[in-house]
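Student: Could you have a look at this structure, given as structure tokens, before my questions?
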Amino acid sequence: MRILVVEDEKKIASSIGRALKDSGYLPDLVHDGEEAWFRAGTEDYDAIVLDLGLPKLDGLTVLKRLREAGTQVPVLILSARSAWRERVAGIDAGADDYLAKPFYVEELVARLSAILRRGSGAATPVLSARDLKIDTRRMLVTRAEKPITLTSLEYRMMRYLVTNKGRIVPQTELQDHVYASEAVPDSNALEVLMNRLRKKVGSDMVVTRRGLGYIVEDVA
Ligand code: CA
């Protein structure tokens with residue numbers, strides 16, 4: 001899952017980035033509103049963490065533009081504790097949730113996972129497809145109750161496919177959501193990774209639709 005983190009205070013931005021990485025997300029950090037607007041328009045993010053007080057273009061304007069452009073991406077806004085009017089304006093403009101500063105990064109990660117789950121229709125932090133379960137809080141994957149050890153790339157791949165179960169995920173989309181933007185390899189590497197993942201979770205779990213992509217079905 002790729003997350004765009006927009007925060008001009010670099011220390012806060014990097015601590016958010018670290019916490020998201022530790023929880024198996026792929027954060028991209030940007031530090032002003034113009035860059036945020038540009039990145040959100042050119043790349044496919046699963047969610048955006050958006051500070052409201054930003055240089056060049058303020059966060060509320062970025063959010064309004066995104067929603068005017070029809071973008072449905074979940075947005076979690078950050079604002080100063082005292083700026084409640086700003087938060088109300090943010091929710092009105094289409095933010096999915098907000099956090100007042102200062103906050104604990106653990107809470108940010110929990111709120112973000114919650115809005116991502118709402119987006120995928122899952123109400124609990126446990127995602128599932130057939131007898132495979134992913135506990136997103138503890139990054140634990142089991143199949144038929146047996147724990148499976150995955151690398152962080154394999155975990156991101158499995159989680160993305162299960163979040164999108166029942167839909168064919170094209171190779172290029174999977175690449176975008178599994179690899180960091182500066183490290184996207186060729187499609188061979190993705191297939192190698194897919195083969196490794198299948199060995200661990202069972203080859204029946206992820207089906208290849210030739211020329212279209214991969215799919216995880218919810219029913220066997
Ligand atoms: Ca700020």
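In the structure tokens, chains take the letters A, B, ... in the order shown, each chain's residues start at 1, and ligands count up from 1 in the order shown.
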Per residue of chain A within 7 Å of ligand 1, record the nearest atom pair and its distance in Å to one decimal, counting only C-alpha atoms and all ligand atoms, with rows in chain order and ascending residue number, as a tab-separated table.

Tutor:
```
residue	atom	partner	partner_atom_place_in_ligand_line	distance
A:Glu7	CA	ligand 1	1 (Ca)	5.9
A:Asp8	CA	ligand 1	1 (Ca)	5.2
A:Glu9	CA	ligand 1	1 (Ca)	6.0
A:Asp51	CA	ligand 1	1 (Ca)	5.7
A:Leu52	CA	ligand 1	1 (Ca)	6.3
A:Gly53	CA	ligand 1	1 (Ca)	4.0
A:Leu54	CA	ligand 1	1 (Ca)	4.9
```

Student: Would you mind listing what lies within 9 Å of region 23-25 of chain A as a PyMOL selection string, with only C-alpha atoms counted and same-chain residues fewer than 2 positions away left out?

Tutor: chain A and resi 1-3+17-21+27+109+136-139+152-153+155-156+178

Student: Assign secondary structure with DSSP using the backbone only, and return the residues of region 26-202 of chain A in helix (DSSP H, G or I) as a ChimeraX atom specification.

Tutor: /A:33-42,59-68,84-92,105-120,152-163,171-178,181-183,187-201

Student: Excluding Glu191 (chain A) and its own-chain neighbours fewer than 4 positions away, which residues fall within 12 Å of it when counting only C-alpha atoms? Please give them as a PyMOL selection string.

Tutor: chain A and resi 154+157+171-172+174-175+185-187+195-198+206+208+213-214

Student: Near Pro147 (chain A), within 10 Å and counting only C-alpha atoms, which residues show up once chain neighbours fewer than 4 positions away are dropped, as a ChimeraX atom specification?

Tutor: /A:132-134,140-143,201

Student: List the neighbours of Ile115 (chain A) out to 7 Å using only C-alpha atoms; skip same-chain residues closer than 3 positions along the sequence, and give me the result as a list in words.

Tutor: Pro74, Asp96, Arg111, Leu112, Arg118 and Gly119 of chain A

Student: Excluding Trp37 (chain A) and its own-chain neighbours fewer than 5 positions away, which residues fall within 9 Å of it when counting only C-alpha atoms? Please give them as a PyMOL selection string.

Tutor: chain A and resi 32+42+57+62-63+65-66

Student: As an exercise, work out the distance from CA of Asp131 (chain A) to CA of Val192 (chain A) in Å and give it to one decimal place.

Tutor: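 Interatomic distance here is 24.0 Å.
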